[in-house]
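Notes follow once the structure below has been shown.
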Amino acid sequence: MENLELVLPEIFISLSIMFLLILGVFKKDSSRLIQNISLLVLLITAVITFNETLGIDEVSLFNGSVIVDYLSSFMKIATLITAFLVLVISSNYLRSLNIFKIEYPILILSSVLGMMIMISSNDLIVFYMGLELQSLALYVLATFNRDQIKSSEAGLKYFVLSALSSGLLLYGCSLIYGFTGSTNFNVIANQLNSNEYALTFGIVFILVGLAFKISAVPFHMWAPDVYEGSPTSVTLFFTMVPKIAALTVFIRFLYVPFFYLIDQWQTILIFLSIASMVFGAVAAIGQKNLKRLIAYSSISHVGYALAGLATGTNDGIQSSVIYITIYVLMNLGLFSCLLMMKRNNVYHEGIEDLSGLSKNHPILSLSLLIILFSLAGIPPLAGFFAKFYIFKSVLEQSMFFLAIVGLLSTVVAAFYYLRLIKIMYFDKEKEKFDTDHSMWLKFSLGVSTLLILVYFVFPSQLIEIVSRINIIQ
Amino acid sequence: MIDFPIISSLILLPSIGALFLFFTRSNKENNFTVKYVALFTSIVNFILSIYLWILFDQTTSDFQFVEDRVWIENFINYKVGIDGISILFILLTTFITPLCIISVNNSIKTRLGEFLIAILIMESFMIGVFCSLDLIVFYLFFEAGLIPMFLIIGIWGGNRRVYSAFKFFLYTLLGSVLMLVAIISIYWITGTTDVVKLYDYGIDVKYQNLLWLAFFSSFAVKTPMWPVHTWLPDAHVEAPTAGSVLLAAILLKMAGYGFIRFSLGLFPVASEIFTPLIYILSVIAIIFTSLIALMQEDMKKLIAYSSVAHMGFVTLGIFTIQQQGIEGSIIQMISHGLVSAALFLCVGVVYDRMHSRLINSYGGIVSIIPKYSVLFMIFTLAALGLPGTSGFVGEFLILMAAFKDNFLVAVIASLGVIIGAAYMLWLYKRVVFGKLIHEDLKKMLDLNKSEAIILTCLAIPTLFFGFYPEPLINTIEVSISDLIDTYNIKVAGNY
């Protein structure tokens, strides 16, 4: 128990959650206070993580069931900062829907706690616990606008399907435990030679569960409905934060215990990746609702991130991490725009509502233009570099098919991003949107756009940060 | 040599101008300010590029004014520089852009500031394409140009602008992604994307064919070559005049430049193998699109198809791999840049007055707008390659080289010259001469000051280089002879 300071972020955040719950019960009308404290908690946790663990090479705790290394610290900080921004830009939205309640920040904090546990897990049980904690919080978040039927439907759908996938995942865990006699990742890695085929079953089941959480095709069916039905601020959370955590688990799970079975899982990952890229690109074309469209676009982006993981190299892992970081940045900007689309306090989310945006709100539409071109992967914006690193690592492994399919699906995907730009810039204008946005919303839109735009001037920085992630020794 | 980063300044200056415009735009009275800021920026850039030409050393084929900076550690360097081949294209770009900006007076009515921003950013990207010496930097500039062009066509274009803008964007993007695969593969094979190093090392012969095809897919769409040329007429017709001018004058030249710089320079063995393919496609482009041009009702479409035919000559000339052929191609590209720009502007002049691009809504306007008719005549003749215009020099050199290489191809290509003369003269006859049927044409005003300035500016180099192409040839000669020498050595040595 000598290294307790390494789990200080988790300890701090869980104590804060309990404190906030009690505070919420005893103090009336405290939603604003709790919101602010939660923001502070997220920031402090990020600072603690930064100070205590970022410099650590690799330390195992609690009999090796929790691991603290550079990957986990990086991903935790990314999760915390993203969660902070989500929370801070969603308050106005929640207020106008009359669901600005104390539970919202607390639920976000608990799901963040679950994700941090997932990110640090080095053991099947710990990993499963983290996963369930974050999922439970997410079910409730999805139904947060409970008077609206769509929101309840989204939550229920998510709950049923997610429970099914958790079941599969747990079955996979038990198979692996049965054949290796341990739940610890490192121990499993040493037991591999015994029963390769049986273990493959376990891997497949766990991969299915994880693919569901990260919404990769063919386990994506919940995503469009849930994204559409949930309140926009929750959708924002859904598209970014759980993906960071799930990707980390993907990396850890595939590369620590099962790296030597790469022949078994590589094909599965390539399939998931290609299917997600292609399906996400094609299915988004017909969408009329922006949130559904973003759901499909996030499916295809997940496909690119998985392509990096399929390579089986450190370069590939790093490129996936870069990809997910830039993706989060772009999505943050995209949702900031979405949260600005309100007329007379009613939020709009149809793509036709963007019509002629460029004439009424030139700055907003210019930002959205930059973000959309970046999502489409057109140079010199950040989204291009994200894809570029992925394809570089994929081609280094001579996986030409994956690279070419991926690049061709960017062309298909470009179509629907262009369609949004067309609606904004080429079509007739509609009524103006309200302009009384909170400072934080403007800030997050401005910062994300600016970073996307000038990323090409300093591309080395992010690479340098990420290059310290070396999972494969 | 010199410390001042002159090439980066050339690339950055228009963007900085665009940034200024971004902060000065918005209200209506500002229109003039906005225009003069843009014009000033582009003229300064033109003067800078002339200065570059004066400093340029014609006696060496090495890259000059090279700037080499680490961009991504151990991976990409930001490397730019010029040789005899690229400098002419840079001059063309910086020369055409101010003319485009002057021409917006009459054609662009809405959102002038944003239009000029798009044009200036476009200029930055185009100059970047012509002087990047790293494949990834090249790709970045090459692709980035899609964004402003998409907006130019889509926002300020004609009736079918949305369709055309999408077609333009998706066609060229589809062509280019394969090039990206090839570029990354080159990095993976050789460990570098630095063009100069790649010239020295060479690329393993067993990969060359596939890589060549991947680059070809991108350049063929951009050139455009038959049968992937169909985006061009659409894009041209729907784009506003200034957009068409940029497209025809400079964007199409990116691919011709790419063929010389990358296809010949990096993959000589594959180029040798695929030369027949290029020959066939070029000849089809020349004959087939010339015939199509003959049948057009729409002036802009006619000129667009004639562009495809002219680019057919260019690709033919490049792949003769002879001194005259490549020189001819470059001069043809420069000449086409001037002439097609002028022709689009000529169409723009009458379109702004009568709002019709159809040939049969004109006729007999020679007595009403004589100045216009004279200048239009000069450019028509230049487009069909009359001796004494720059069009002749290029076509003549290309055909001469082609005759040396393959008699049949040359004969068929020469037929294209005749059809070219036919459609251009017929166009001129139907628009300018003949009886004045449409009464409302009588109210047409002759060229105003700015139009006269633009067209004269374009006419002077067209005629000057027609009579005296020495300055052009001197600039490119050494670079090309060196390129061909290395090419032949590499083909002979099969590496």
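A note on labels: chains of the structure tokens are A, B, ... as shown, every chain counts residues from 1, and ligands are counted from 1 in their shown order.
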
Self-check item: At most 6 Å to chain A: residues in chain B, only C-alpha atoms, as a list in words
Solution: Ile72, Leu140, Ala144, Ile155, Ile184 and Trp188 of chain B

Put those residues in a file: C-alpha atoms, as a short mmCIF file (atom, residue, chain, number, x, y, z; two decimals), in the first residue's frame.
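Wrote it out as selection-v6.cif, contents follow:
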```
data_model
loop_
_atom_site.label_atom_id
_atom_site.label_comp_id
_atom_site.auth_asym_id
_atom_site.auth_seq_id
_atom_site.Cartn_x
_atom_site.Cartn_y
_atom_site.Cartn_z
CA ILE B 72 7.58 16.82 -37.81
CA LEU B 140 -1.09 19.18 -48.51
CA ALA B 144 -6.06 22.10 -49.68
CA ILE B 155 -21.36 30.18 -53.44
CA ILE B 184 3.01 7.03 -47.70
CA TRP B 188 7.77 3.32 -46.22
#
```

Stretch 49-53 of chain B environment, 10 Å, only C-alpha atoms, sequence neighbours closer than 2 positions dropped, as an mmCIF file with C-alpha atoms, in the first residue's frame:
```
data_model
loop_
_atom_site.group_PDB
_atom_site.id
_atom_site.type_symbol
_atom_site.label_atom_id
_atom_site.label_comp_id
_atom_site.auth_asym_id
_atom_site.auth_seq_id
_atom_site.Cartn_x
_atom_site.Cartn_y
_atom_site.Cartn_z
ATOM 1 C CA ILE B 6 11.563 34.570 -50.286
ATOM 2 C CA ILE B 7 9.551 31.499 -51.249
ATOM 3 C CA SER B 9 6.963 34.866 -48.207
ATOM 4 C CA LEU B 10 5.443 34.218 -51.596
ATOM 5 C CA ILE B 43 0.479 42.868 -56.860
ATOM 6 C CA VAL B 44 3.134 42.899 -54.180
ATOM 7 C CA ASN B 45 3.291 39.157 -54.570
ATOM 8 C CA PHE B 46 3.661 39.533 -58.328
ATOM 9 C CA ILE B 47 6.503 41.995 -57.924
ATOM 10 C CA LEU B 55 17.572 36.567 -58.984
ATOM 11 C CA PHE B 56 17.015 33.147 -60.475
ATOM 12 C CA ASP B 57 20.156 31.518 -61.858
ATOM 13 C CA GLN B 58 19.356 30.039 -65.266
ATOM 14 C CA PHE B 65 16.207 29.412 -52.746
ATOM 15 C CA ILE B 82 12.366 26.259 -57.173
ATOM 16 C CA GLY B 84 13.511 26.317 -63.958
ATOM 17 C CA ILE B 87 9.377 29.354 -61.539
ATOM 18 C CA LEU B 88 7.296 29.923 -64.645
ATOM 19 C CA ILE B 90 4.744 30.658 -59.960
ATOM 20 C CA LEU B 91 4.962 33.672 -62.228
ATOM 21 C CA LEU B 92 1.818 32.596 -64.007
ATOM 22 C CA THR B 93 -0.014 32.257 -60.701
ATOM 23 C CA THR B 94 1.054 35.600 -59.333
ATOM 24 C CA PHE B 95 0.307 37.231 -62.682
ATOM 25 C CA THR B 475 14.609 29.711 -67.970
#
```

Practice problem: Please identify all polymer residues within 12 Å of B:Trp426, counting only C-alpha atoms, omitting same-chain residues fewer than 2 positions from it, and present them as a PyMOL selection string. | Solution: chain B and resi 293-297+299+302+359-360+363+377+380-381+384+419-424+428-434

Exercise. Rounded to one decimal place, report the atom CA of B:Gly243-atom CA of B:Ser356 distance in Å.
Key: 17.5 Å

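Restricting the calculation to only C-alpha atoms, the smallest distance between A:Val466 and any of A:Val41, A:Ile324, A:Leu87, A:Leu306 is found for A:Ile324.
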
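Counting only C-alpha atoms and comparing A:Ile117, A:Ala283, A:Leu420, A:Ile67, the residue that lies closest to B:Phe166 is A:Leu420.
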
Which of stretch 312-401 of chain A end up as strand (DSSP E) when DSSP is run on this backbone - answer as a tab-separated table (two decimals) with N, CA and C atoms, in the first residue's frame?
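See selection.tsv below for the written result:
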```tsv
chain	number	residue	atom	x	y	z
A	342	LYS	N	-30.13	27.60	-31.49
A	342	LYS	CA	-31.44	27.70	-30.85
A	342	LYS	C	-32.12	28.98	-31.29
A	343	ARG	N	-33.41	28.85	-31.54
A	343	ARG	CA	-34.21	30.04	-31.84
A	343	ARG	C	-35.24	30.17	-30.75
A	346	VAL	N	-35.58	27.47	-28.22
A	346	VAL	CA	-35.84	26.09	-28.65
A	346	VAL	C	-34.64	25.63	-29.46
A	347	TYR	N	-34.12	24.46	-29.08
A	347	TYR	CA	-32.94	23.98	-29.77
A	347	TYR	C	-33.34	23.22	-31.04
```

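Coordinates place atom CA of B:Phe376 at a distance of 9.5 Å from atom CA of B:Ala459.
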
Practice problem: Once DSSP has gone over the backbone, tell me which residues of stretch 189-344 of chain A are in alpha helix (DSSP H), as a ChimeraX atom specification. | Solution: /A:189-190,196-214,222-229,232-255,262-284,290-309,314-340

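Straight-line separation from atom CA of A:Glu5 to atom CA of A:Met240: 27.8 Å.
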